[in-house]
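Below is entry_26.cif, which holds mmCIF, C-alpha atoms.
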data_coords
loop_
_atom_site.label_atom_id
_atom_site.label_comp_id
_atom_site.auth_asym_id
_atom_site.auth_seq_id
_atom_site.Cartn_x
_atom_site.Cartn_y
_atom_site.Cartn_z
CA MET I 1 22.63 9.20 13.92
CA ARG I 2 23.35 5.72 15.26
CA PHE I 3 21.26 4.05 17.97
CA THR I 4 21.74 0.89 20.00
CA GLN I 5 19.01 1.12 22.65
CA ALA I 6 15.87 2.27 20.78
CA TYR I 7 13.10 -0.09 19.64
CA ILE I 8 9.64 0.13 18.10
CA PRO I 9 7.52 -2.63 19.70
CA PHE I 10 5.87 -4.62 16.92
CA GLY I 11 2.25 -3.52 16.63
CA MET I 12 2.95 -0.25 18.44
CA SER I 13 2.97 1.85 15.29
CA TRP I 14 -0.18 2.56 13.33
CA THR I 15 -1.82 4.79 10.78
CA SER I 16 -5.28 6.05 10.07
CA PRO I 17 -6.68 5.67 6.58
CA PHE I 18 -5.64 8.56 4.35
CA ALA I 19 -8.37 10.62 2.66
CA LYS I 20 -7.84 12.72 -0.44
CA TRP I 21 -8.07 16.40 0.39
CA GLN I 22 -11.52 17.96 0.53
CA GLY I 23 -12.85 14.48 1.22
CA PRO I 24 -14.46 12.97 4.35
CA LEU I 25 -11.80 14.34 6.77
CA ALA I 26 -11.80 17.88 5.37
CA GLU I 27 -13.73 19.42 8.28
CA LEU I 28 -12.03 17.43 11.06
CA ASN I 29 -9.34 19.28 13.01
CA SER I 30 -6.24 17.11 12.66
CA LEU I 31 -5.47 17.45 16.39
CA ASP I 32 -8.94 16.19 17.30
CA MET I 33 -8.44 13.33 14.86
CA ALA I 34 -5.12 12.48 16.49
CA VAL I 35 -6.63 12.45 19.98
CA ASP I 36 -9.37 10.04 18.92
CA VAL I 37 -7.22 7.72 16.80
CA THR I 38 -4.31 7.66 19.26
CA GLY I 39 -6.61 7.01 22.21
CA ARG I 40 -8.25 4.03 20.55
CA ALA I 41 -4.93 2.70 19.23
CA LEU I 42 -3.39 2.75 22.71
CA ALA I 43 -6.47 1.21 24.32
CA ASP I 44 -6.58 -1.59 21.75
CA ARG I 45 -2.88 -2.30 22.36
CA GLY I 46 -3.08 -2.17 26.14
CA LEU I 47 -0.74 0.78 26.68
CA ALA I 48 -1.92 3.35 29.23
CA PRO I 49 -1.22 6.96 28.21
CA GLU I 50 0.14 7.77 31.68
CA ASP I 51 2.89 5.16 31.15
CA ILE I 52 4.28 7.19 28.25
CA THR I 53 6.61 9.85 29.65
CA GLN I 54 7.66 11.65 26.46
CA TRP I 55 5.09 12.81 23.93
CA THR I 56 6.02 14.42 20.63
CA LEU I 57 3.74 16.06 18.08
CA GLY I 58 4.63 15.99 14.40
CA CYS I 59 2.47 18.45 12.47
CA THR I 60 3.14 20.71 9.47
CA VAL I 61 -0.22 22.39 8.82
CA PRO I 62 -1.42 24.71 11.64
CA GLN I 63 -4.82 23.91 13.13
CA GLN I 64 -7.17 25.82 15.40
CA TYR I 65 -5.93 25.68 19.01
CA GLY I 66 -2.66 24.20 17.79
CA PHE I 67 -0.56 26.69 19.77
CA TYR I 68 -0.55 24.35 22.78
CA GLY I 69 1.14 21.64 20.75
CA VAL I 70 1.34 18.09 22.02
CA THR I 71 -0.02 19.02 25.47
CA GLY I 72 -3.39 19.52 23.79
CA ILE I 73 -3.25 15.84 22.90
CA SER I 74 -1.51 14.19 25.83
CA ARG I 75 -3.64 15.91 28.50
CA ARG I 76 -6.88 15.05 26.72
CA LEU I 77 -5.77 11.41 26.66
CA GLY I 78 -5.03 11.35 30.38
CA ALA I 79 -1.23 11.33 30.22
CA GLY I 80 -0.95 13.43 33.36
CA ASP I 81 1.84 15.99 33.40
CA HIS I 82 3.80 14.39 30.54
CA GLY I 83 4.38 16.42 27.39
CA GLY I 84 7.11 17.21 24.91
CA PRO I 85 7.97 19.16 21.76
CA TRP I 86 6.19 19.95 18.52
CA LEU I 87 8.45 19.02 15.61
CA SER I 88 8.04 19.95 11.97
CA ARG I 89 10.37 19.18 9.07
CA ALA I 90 7.97 19.30 6.13
CA CYS I 91 7.53 15.82 4.63
CA ALA I 92 10.46 14.44 6.67
CA THR I 93 8.61 15.18 9.91
CA SER I 94 8.06 11.52 10.80
CA ALA I 95 11.77 10.77 10.44
CA VAL I 96 12.76 13.61 12.74
CA VAL I 97 10.10 12.54 15.29
CA VAL I 98 11.53 9.00 15.33
CA GLU I 99 15.03 10.43 15.71
CA HIS I 100 13.97 12.60 18.65
CA LEU I 101 12.21 9.73 20.42
CA ALA I 102 15.09 7.32 19.81
CA THR I 103 17.50 9.91 21.22
CA GLN I 104 15.44 10.26 24.39
CA VAL I 105 15.48 6.49 24.86
CA GLU I 106 19.16 6.15 23.94
CA LEU I 107 20.12 8.72 26.57
CA GLY I 108 18.09 6.92 29.21
CA ALA I 109 15.84 9.92 29.76
CA HIS I 110 12.68 7.96 28.96
CA ALA I 111 11.76 4.28 28.73
CA THR I 112 8.52 4.66 26.75
CA THR I 113 7.87 7.46 24.26
CA ILE I 114 5.35 8.22 21.55
CA GLY I 115 5.18 10.26 18.38
CA VAL I 116 1.74 11.51 17.35
CA ILE I 117 1.96 12.71 13.75
CA THR I 118 -1.07 14.33 12.15
CA ASP I 119 -1.96 16.72 9.34
CA ARG I 120 -4.88 18.02 7.34
CA THR I 121 -4.07 19.58 3.97
CA SER I 122 -7.77 20.20 3.33
CA ASN I 123 -9.02 23.72 4.02
CA GLY I 124 -5.44 24.83 4.59
CA PRO I 125 -5.08 28.06 6.56
CA LEU I 126 -4.74 31.42 4.86
CA MET I 127 -1.95 33.23 6.69
CA LEU I 128 -2.19 37.03 6.94
CA TRP I 129 0.58 39.35 8.11
CA SER I 130 -0.18 43.00 8.61
CA SER I 131 1.94 45.40 6.56
CA ALA I 132 1.87 49.17 6.69
CA GLN I 133 3.77 49.18 3.38
CA GLY I 134 0.92 47.61 1.44
CA ALA I 135 -1.63 49.67 -0.46
CA GLY I 136 -4.07 50.90 2.16
CA GLY I 137 -2.31 48.74 4.74
CA ALA I 138 -3.35 45.54 2.92
CA PRO I 139 -1.89 42.44 4.58
CA VAL I 140 0.62 40.04 3.08
CA ALA I 141 -1.16 36.73 2.44
CA GLU I 142 -0.01 33.15 1.92
CA HIS I 143 -2.01 29.95 1.50
CA TRP I 144 -0.10 27.62 3.80
CA VAL I 145 -0.69 24.46 1.72
CA LEU I 146 -1.00 25.62 -1.88
CA ASP I 147 1.61 28.34 -2.25
CA PRO I 148 4.69 26.29 -1.21
CA MET I 149 3.84 23.71 -3.89
CA LYS I 150 4.18 26.39 -6.56
CA LEU I 151 7.32 28.13 -5.40
CA ASP I 152 10.47 27.42 -3.42
CA PRO I 153 11.61 30.93 -2.47
CA THR I 154 15.26 29.86 -2.66
CA THR I 155 15.04 28.60 -6.25
CA GLY I 156 11.91 30.13 -7.77
CA GLN I 157 10.83 26.67 -8.95
CA SER I 158 7.85 24.47 -8.11
CA MET I 159 7.72 20.97 -6.67
CA ASN I 160 6.81 19.63 -10.12
CA ASP I 161 9.84 21.41 -11.58
CA THR I 162 12.11 19.45 -9.23
CA ALA I 163 10.70 16.19 -10.60
CA GLU I 164 11.15 17.27 -14.21
CA ASN I 165 14.69 18.48 -13.48
CA THR I 166 15.57 15.11 -11.98
CA ALA I 167 13.88 13.17 -14.78
CA ALA I 168 15.87 15.14 -17.36
CA ASP I 169 19.10 14.52 -15.45
CA GLY I 170 18.38 10.79 -15.28
CA GLY I 171 17.20 10.59 -18.87
CA TYR I 172 13.89 9.04 -17.87
CA SER I 173 11.18 8.54 -20.45
CA ARG I 174 7.48 9.05 -19.99
CA GLN I 175 7.07 5.26 -20.26
CA GLN I 176 9.51 4.62 -17.37
CA VAL I 177 7.70 7.10 -15.16
CA ASP I 178 4.30 5.60 -15.97
CA ASP I 179 5.60 2.06 -15.41
CA VAL I 180 6.68 2.90 -11.84
CA ALA I 181 3.34 4.57 -11.09
CA LEU I 182 1.49 1.46 -12.29
CA MET I 183 3.77 -0.85 -10.30
CA ARG I 184 3.14 1.06 -7.08
CA TYR I 185 -0.63 0.91 -7.66
CA GLU I 186 -0.52 -2.84 -8.25
CA GLN I 187 1.54 -3.29 -5.07
CA TYR I 188 -1.04 -1.25 -3.17
CA LEU I 189 -3.74 -3.66 -4.36
CA THR I 190 -1.96 -6.50 -2.55
CA SER I 191 -2.63 -4.74 0.76
CA LEU I 192 -6.35 -4.81 -0.05
CA ALA I 193 -6.52 -8.58 -0.58
CA ASP I 194 -8.66 -10.74 1.72
CA ASP I 195 -10.77 -7.81 2.87
CA ARG I 196 -7.68 -5.63 3.53
CA ALA I 197 -6.12 -8.21 5.85
CA ILE I 198 -2.69 -6.58 5.64
CA GLN I 199 -3.93 -3.04 6.26
CA ARG I 200 -6.13 -4.11 9.15
CA GLU I 201 -2.97 -5.16 11.00
CA TYR I 202 -1.89 -1.51 11.40
CA MET I 203 -4.74 0.76 10.31
CA VAL I 204 -6.98 2.45 12.90
CA PRO I 205 -10.33 3.83 11.64
CA VAL I 206 -11.20 7.51 12.02
CA ARG I 207 -14.36 8.55 13.82
CA ILE I 208 -16.01 11.58 12.19
CA PRO I 209 -18.44 13.38 14.52
CA ARG I 210 -21.57 14.77 12.85
CA ARG I 211 -24.34 17.00 14.13
CA LYS I 212 -26.41 13.88 14.46
CA GLY I 213 -24.38 10.81 15.20
CA GLU I 214 -21.05 9.94 13.62
CA ASP I 215 -19.46 8.41 10.55
CA TRP I 216 -16.39 6.21 10.28
CA LEU I 217 -13.60 6.16 7.74
CA GLU I 218 -12.37 2.56 7.66
CA ALA I 219 -10.17 2.59 4.55
CA ASP I 220 -8.21 4.97 2.33
CA HIS I 221 -10.41 7.38 0.41
CA GLY I 222 -9.66 8.84 -3.01
CA VAL I 223 -7.23 6.26 -4.42
CA PHE I 224 -7.69 6.47 -8.18
CA PRO I 225 -7.88 3.23 -10.18
CA THR I 226 -4.75 3.13 -12.33
CA THR I 227 -4.17 1.39 -15.64
CA ALA I 228 -1.43 1.60 -18.26
CA GLU I 229 -3.99 2.92 -20.76
CA GLY I 230 -5.27 5.55 -18.36
CA LEU I 231 -1.77 6.78 -17.54
CA ALA I 232 -0.89 6.99 -21.24
CA ARG I 233 -3.87 9.25 -21.91
CA LEU I 234 -2.82 11.89 -19.37
CA ALA I 235 -1.10 15.06 -20.50
CA PRO I 236 2.10 16.06 -18.67
CA VAL I 237 1.69 18.75 -16.01
CA LYS I 238 4.44 20.76 -17.69
CA PRO I 239 4.32 20.92 -21.49
CA GLY I 240 7.02 18.70 -22.89
CA GLY I 241 7.58 17.01 -19.53
CA VAL I 242 7.23 13.39 -18.40
CA VAL I 243 5.35 13.83 -15.10
CA THR I 244 1.55 13.63 -15.15
CA TYR I 245 -0.95 13.84 -12.34
CA GLY I 246 -1.08 10.04 -12.50
CA ALA I 247 2.63 9.79 -11.67
CA GLN I 248 2.57 12.05 -8.64
CA THR I 249 0.84 11.97 -5.29
CA HIS I 250 -2.24 13.88 -4.17
CA PRO I 251 -2.62 15.94 -0.96
CA ALA I 252 -4.44 14.08 1.81
CA ASP I 253 -5.58 14.12 5.43
CA GLY I 254 -4.63 11.58 8.08
CA CYS I 255 -2.62 10.73 11.18
CA ALA I 256 -0.23 8.10 12.49
CA GLY I 257 1.53 7.07 15.68
CA VAL I 258 4.73 5.34 16.70
CA VAL I 259 5.96 4.17 20.11
CA VAL I 260 9.71 4.02 20.73
CA ALA I 261 10.97 2.30 23.89
CA ASN I 262 14.04 0.68 25.40
CA GLU I 263 14.55 -3.02 24.70
CA GLY I 264 13.02 -4.35 27.89
CA ARG I 265 9.91 -2.25 27.58
CA ALA I 266 9.65 -2.96 23.86
CA ARG I 267 9.73 -6.71 24.48
CA GLU I 268 6.86 -6.30 26.94
CA LEU I 269 4.80 -4.21 24.56
CA GLY I 270 5.61 -5.81 21.21
CA ARG I 271 3.20 -8.35 19.79
CA GLY I 272 4.75 -11.73 20.55
CA GLY I 273 7.75 -9.95 22.04
CA VAL I 274 8.84 -8.86 18.55
CA THR I 275 10.57 -5.52 18.05
CA ALA I 276 11.89 -3.30 15.29
CA GLN I 277 15.22 -1.92 16.47
CA VAL I 278 15.93 1.60 15.28
CA LEU I 279 19.52 1.34 14.03
CA ALA I 280 19.98 4.81 12.59
CA THR I 281 18.43 7.91 11.11
CA GLY I 282 19.86 10.19 8.48
CA PHE I 283 19.08 13.44 6.70
CA GLY I 284 20.45 14.84 3.47
CA ARG I 285 19.96 17.44 0.77
CA ALA I 286 20.21 17.50 -2.99
CA ALA I 287 21.24 20.32 -5.29
CA PRO I 288 18.68 23.16 -5.41
CA ALA I 289 15.55 22.24 -7.37
CA TYR I 290 16.36 18.49 -7.47
CA MET I 291 14.20 17.31 -4.54
CA PRO I 292 13.66 13.70 -5.79
CA LYS I 293 17.40 13.10 -5.51
CA ALA I 294 17.56 13.88 -1.80
CA PRO I 295 16.35 10.49 -0.45
CA VAL I 296 19.53 8.89 -1.77
CA ALA I 297 21.71 11.19 0.32
CA ALA I 298 19.59 10.65 3.43
CA ALA I 299 19.57 6.88 2.93
CA ARG I 300 23.34 6.71 2.49
CA ARG I 301 23.89 8.64 5.68
CA ALA I 302 21.51 6.46 7.69
CA LEU I 303 22.95 3.24 6.27
CA ALA I 304 26.51 4.38 7.02
CA ASP I 305 25.60 5.23 10.61
CA ALA I 306 23.90 1.84 10.97
CA GLY I 307 27.01 0.14 9.63
CA VAL I 308 25.17 -1.68 6.84
CA ASP I 309 25.15 -1.58 3.05
CA ILE I 310 22.19 -1.17 0.73
CA ALA I 311 22.85 -4.72 -0.48
CA ASP I 312 22.03 -5.93 3.05
CA VAL I 313 18.58 -4.31 3.03
CA ASP I 314 15.62 -6.66 2.63
CA VAL I 315 12.83 -4.11 2.12
CA VAL I 316 12.76 -0.40 1.24
CA THR I 317 9.78 1.91 1.61
CA THR I 318 9.76 5.45 0.29
CA HIS I 319 7.81 8.63 0.43
CA ASN I 320 7.71 9.22 -3.30
CA PRO I 321 5.55 12.19 -4.27
CA PHE I 322 6.80 11.55 -7.81
CA ALA I 323 7.50 8.25 -9.55
CA VAL I 324 10.78 9.92 -10.53
CA ASN I 325 11.95 9.57 -6.90
CA ASP I 326 12.04 5.79 -7.08
CA LEU I 327 13.67 5.74 -10.50
CA TRP I 328 16.52 7.92 -9.25
CA PHE I 329 16.92 5.88 -6.05
CA ALA I 330 17.12 2.61 -8.00
CA ASP I 331 19.62 4.07 -10.46
CA GLN I 332 21.90 5.48 -7.79
CA THR I 333 21.80 2.55 -5.34
CA GLY I 334 21.17 -0.42 -7.58
CA TYR I 335 18.22 -1.44 -5.41
CA PRO I 336 15.49 -3.19 -7.45
CA LEU I 337 12.34 -1.16 -8.02
CA GLU I 338 10.15 -4.20 -7.40
CA ARG I 339 11.58 -4.71 -3.89
CA MET I 340 10.49 -1.24 -2.83
CA ASN I 341 7.08 -0.36 -1.35
CA PRO I 342 5.47 -3.83 -1.22
CA TYR I 343 2.20 -2.37 0.06
CA GLY I 344 2.14 0.66 -2.22
CA SER I 345 3.27 4.15 -1.24
CA SER I 346 2.27 7.78 -0.91
CA LEU I 347 2.39 8.00 -4.70
CA VAL I 348 -0.84 5.98 -4.60
CA TYR I 349 -2.63 6.53 -1.29
CA GLY I 350 -1.83 10.21 -0.88
CA HIS I 351 0.31 12.52 1.19
CA PRO I 352 -0.89 14.31 4.34
CA GLN I 353 2.69 15.56 4.84
CA GLY I 354 3.71 14.87 8.45
CA PRO I 355 2.18 11.37 8.89
CA THR I 356 3.24 10.01 5.51
CA GLY I 357 6.65 8.82 6.69
CA ALA I 358 5.20 7.17 9.80
CA ARG I 359 2.82 5.16 7.63
CA ALA I 360 5.72 4.08 5.40
CA ILE I 361 7.78 3.08 8.46
CA THR I 362 4.83 1.10 9.85
CA GLU I 363 4.35 -0.67 6.53
CA LEU I 364 8.09 -1.37 6.41
CA VAL I 365 8.02 -3.03 9.84
CA HIS I 366 5.00 -5.16 8.90
CA ALA I 367 6.52 -6.19 5.58
CA LEU I 368 9.71 -7.27 7.35
CA HIS I 369 7.74 -9.20 9.96
CA ALA I 370 5.74 -10.94 7.23
CA ARG I 371 8.96 -12.29 5.72
CA GLY I 372 10.25 -13.48 9.10
CA GLY I 373 12.30 -10.43 10.00
CA GLY I 374 15.16 -8.58 8.40
CA LEU I 375 16.71 -5.21 7.68
CA GLY I 376 14.64 -2.33 6.36
CA LEU I 377 15.11 1.23 5.12
CA PHE I 378 12.61 4.06 4.87
CA THR I 379 13.61 7.17 2.97
CA GLY I 380 11.62 10.07 1.58
CA CYS I 381 12.06 13.59 0.26
CA ALA I 382 10.88 16.84 1.78
CA ALA I 383 10.56 20.48 0.84
CA GLY I 384 13.80 22.38 0.37
CA ASP I 385 15.42 19.55 -1.63
CA SER I 386 15.92 17.62 1.62
CA ALA I 387 15.06 14.14 2.87
CA GLY I 388 14.98 11.90 5.93
CA ALA I 389 15.70 8.19 6.37
CA VAL I 390 15.32 5.52 9.07
CA VAL I 391 16.98 2.09 9.24
CA VAL I 392 15.32 -0.66 11.30
CA ARG I 393 15.88 -4.35 11.99
CA VAL I 394 12.92 -6.59 12.78
CA ASP I 395 13.83 -9.68 14.78
CA GLY I 396 11.02 -11.97 13.77
#

Go ahead and express the file in the form of structure tokens.
Amino acid sequence: MRFTQAYIPFGMSWTSPFAKWQGPLAELNSLDMAVDVTGRALADRGLAPEDITQWTLGCTVPQQYGFYGVTGISRRLGAGDHGGPWLSRACATSAVVVEHLATQVELGAHATTIGVITDRTSNGPLMLWSSAQGAGGAPVAEHWVLDPMKLDPTTGQSMNDTAENTAADGGYSRQQVDDVALMRYEQYLTSLADDRAIQREYMVPVRIPRRKGEDWLEADHGVFPTTAEGLARLAPVKPGGVVTYGAQTHPADGCAGVVVANEGRARELGRGGVTAQVLATGFGRAAPAYMPKAPVAAARRALADAGVDIADVDVVTTHNPFAVNDLWFADQTGYPLERMNPYGSSLVYGHPQGPTGARAITELVHALHARGGGLGLFTGCAAGDSAGAVVVRVDG
């Protein structure tokens, strides 16, 4: 979908640190986390909640009291009678939230909008459905987080299977997969330099209430130190395969936010008057059980709608739950692997599902600004062999 009137004010997108599942955020309701982080992010940036007239919640893992959706966040933050929808598109949730907000601005329905994207994979809910057909009326049960990783009901294959299928199709070796995983880790380390100077530009700490007092999560938790030797020692997840646990992401908890506004409002809100214009969004699907291929289709659609070519793109960020994703993208588009994910990626810092894309988009905008502006692409896969993409242009 092409846009001409939608902008992300520079500095008006943010992310919390991500924590590996069953870590320090495991007992914190993701909606409560979003209220606290969003409230402090808006206050620090001088944007009053009541000035935002369209609120959108991106969330994929149900939480207690989640039925009320975004109104349970906006009202607690003092946004008055403003609300909006709850959107969920698996790991492409952030892309669809940006598309919804940009559409509202493009149509002139709202001048200032916000996406609050939050998820907690820790302590995932156990869903029970009553069934008189079960033995003794036993319910049908599903673990909301774990079970979908093991089985796509349309293909009978797991998430890991989709990576191995794509690796086999691309002819990728174990060494190629490990090399990409190591590259992404080394890129992530650059965002930690000078006491995390880069991350501090867009990362908002999480307050963790305790029975007595509170704790704070200031930085990502659970990132595993990666070396070539360590990767080489790991056994593949699937016997005979090329994907190890070192070359795939880990589930995480976290939240993110993004403001989308019209140009005039974005110039007022953006740091130094700088904006990231949303040029287009796109969604695509791959063949069944080839999920890592899908970001290419989504990217091509978004680029075509934006009227630009991949050769014009200065920086790419990806949601890459498998190193295989980036190998396939580079092969199919010709885009250099080393120009992707300059601050690392979800392969390294983890994947809380909904917010992952918003963090990658935020890092994309900051990377473009650091180089003096330019054209950027985010693309990332999602369950069901699908993917979402966003094209932005930063003006300085």

TODO: List the residues matched by the PyMOL selection byres ((chain I and resi 300-317) around 9) in the displayed structure as a ChimeraX atom specification, ordered by chain and then by residue number.
DONE: /I:1-3,279-284,295-299,318-319,333-335,339-345,360-361,363-364,367-368,373-380,388-392

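Applied to the shown file, the PyMOL selection byres ((chain I and resi 169) around 12) selects the residues Thr162, Ala163, Glu164, Asn165, Thr166, Ala167, Ala168, Gly170, Gly171, Tyr172, Ser173, Ala287, Ala289, Tyr290, Pro292, Lys293, Val324, Leu327, Trp328 and Asp331 of chain I.
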
TODO: For the structure shown, which residues end up in the PyMOL selection byres ((chain I and resi 22) around 9)? Put them as a PyMOL selection string, please?
DONE: chain I and resi 19-21+23-27+121-123+252-253

- [ ] Would you please work out which residue, of I:Gly240, I:Gly222, I:Gly272, I:Gly80, is nearest to Val348 in chain I when using only C-alpha atoms?
- [x]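 With only C-alpha atoms as the atom set, the closest residue is I:Gly222.
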
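Residues in contact with His143 in chain I at up to 8 Å, not including ones fewer than 5 positions away on its chain and judged by all atoms listed in the file, are Gly124, Pro125, Leu126 and Met127 of chain I.
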
- [ ] List every protein, DNA or RNA residue with an atom no more than 10 Å from (9.5, 26.2, -4.4) in the file's coordinates, counting all atoms listed in the file, and format the result as a count of residues only.
- [x] 21
